[in-house]
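Q: Structure provided below as structure tokens; questions to follow.
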Amino acid sequence: MSNVLRVETNNRVALLTLNRPEKLNALSNELLAAIIGALDAIELDPDVRAVVITGAGRAFSAGADISAFQRHMEAGATQAIAHFMRPGHLMTRRVESFCKPIIAAVNGLAFGGGCELVLQ
């Protein structure tokens, strides 16, 4: 399991903590995949009734990790869509259509994709 997302369960609530405080919890593909994977597991767990998402450190999420996607953006629109935009859209659709309530515990700035996550 990746260390970019902490997952804890207590009293039927799963707490997902975005854990990249040095990057203000910027959304990398690794973090997006970890969120989707955690939600997939939580969906099948009958003991979990709700999800809370928060960020480690002083930010909820600064949005997309632009530095991680720079080479894809420089390669052109097709690469940018495939490696930069599509993973983020998959995560927000997963949150939006999740079968259990999800609460965003916003503990600091929430820009770009971080704001989208809050709004879902």
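Following the order of the structure tokens, first chain is A, next is B, and so on, with residues numbered from 1 inside each chain and ligands from 1 in the order they appear.
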Can you list, as an MDAnalysis selection string, every protein, DNA or RNA residue that comes within 12 Å of Ser97 in chain A when you count only C-alpha atoms, leaving out same-chain residues fewer than 2 positions away?

A: chainID A and resid 36 39:40 43 90:95 99:102 120

Q: Considering only helix (DSSP H, G or I) as DSSP defines it on the backbone, what residues of chain A qualify? List them as a PyMOL selection string.

A: chain A and resi 21-23+29-43+66-75+77-96+113-119

Q: May I ask which of the residues A:Met85, A:Ala80, A:Ile66, A:Val4 is the closest one to Ala33 in chain A, counting only C-alpha atoms?

A: A:Val4

Q: Mind pulling up the distance from CA of Asn19 in chain A to CA of Ala38 in chain A?

A: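 Value for the CA of Ala38 in chain A-CA of Asn19 in chain A distance: 13.6 Å.
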
Q: Record the distance separating CA of Thr54 in chain A and CA of Leu15 in chain A, expressed in Å with one decimal.

A: 7.6 Å

Q: Leaving out Phe69 in chain A and any residue of its chain fewer than 6 positions from it, which residues lie within 10 Å of it when counting only C-alpha atoms, given as a list in words?

A: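 So the residues in contact are Ser28, Asn29, Gln79, Ala80, His83, Phe84 and Met85 of chain A.
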
Q: Taking only C-alpha atoms into account, which of A:Ala104, A:Leu27, A:Leu44, A:Ala50 comes nearest Ala68 in chain A?

A: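 The closest residue to Ala68 in chain A is A:Leu27.
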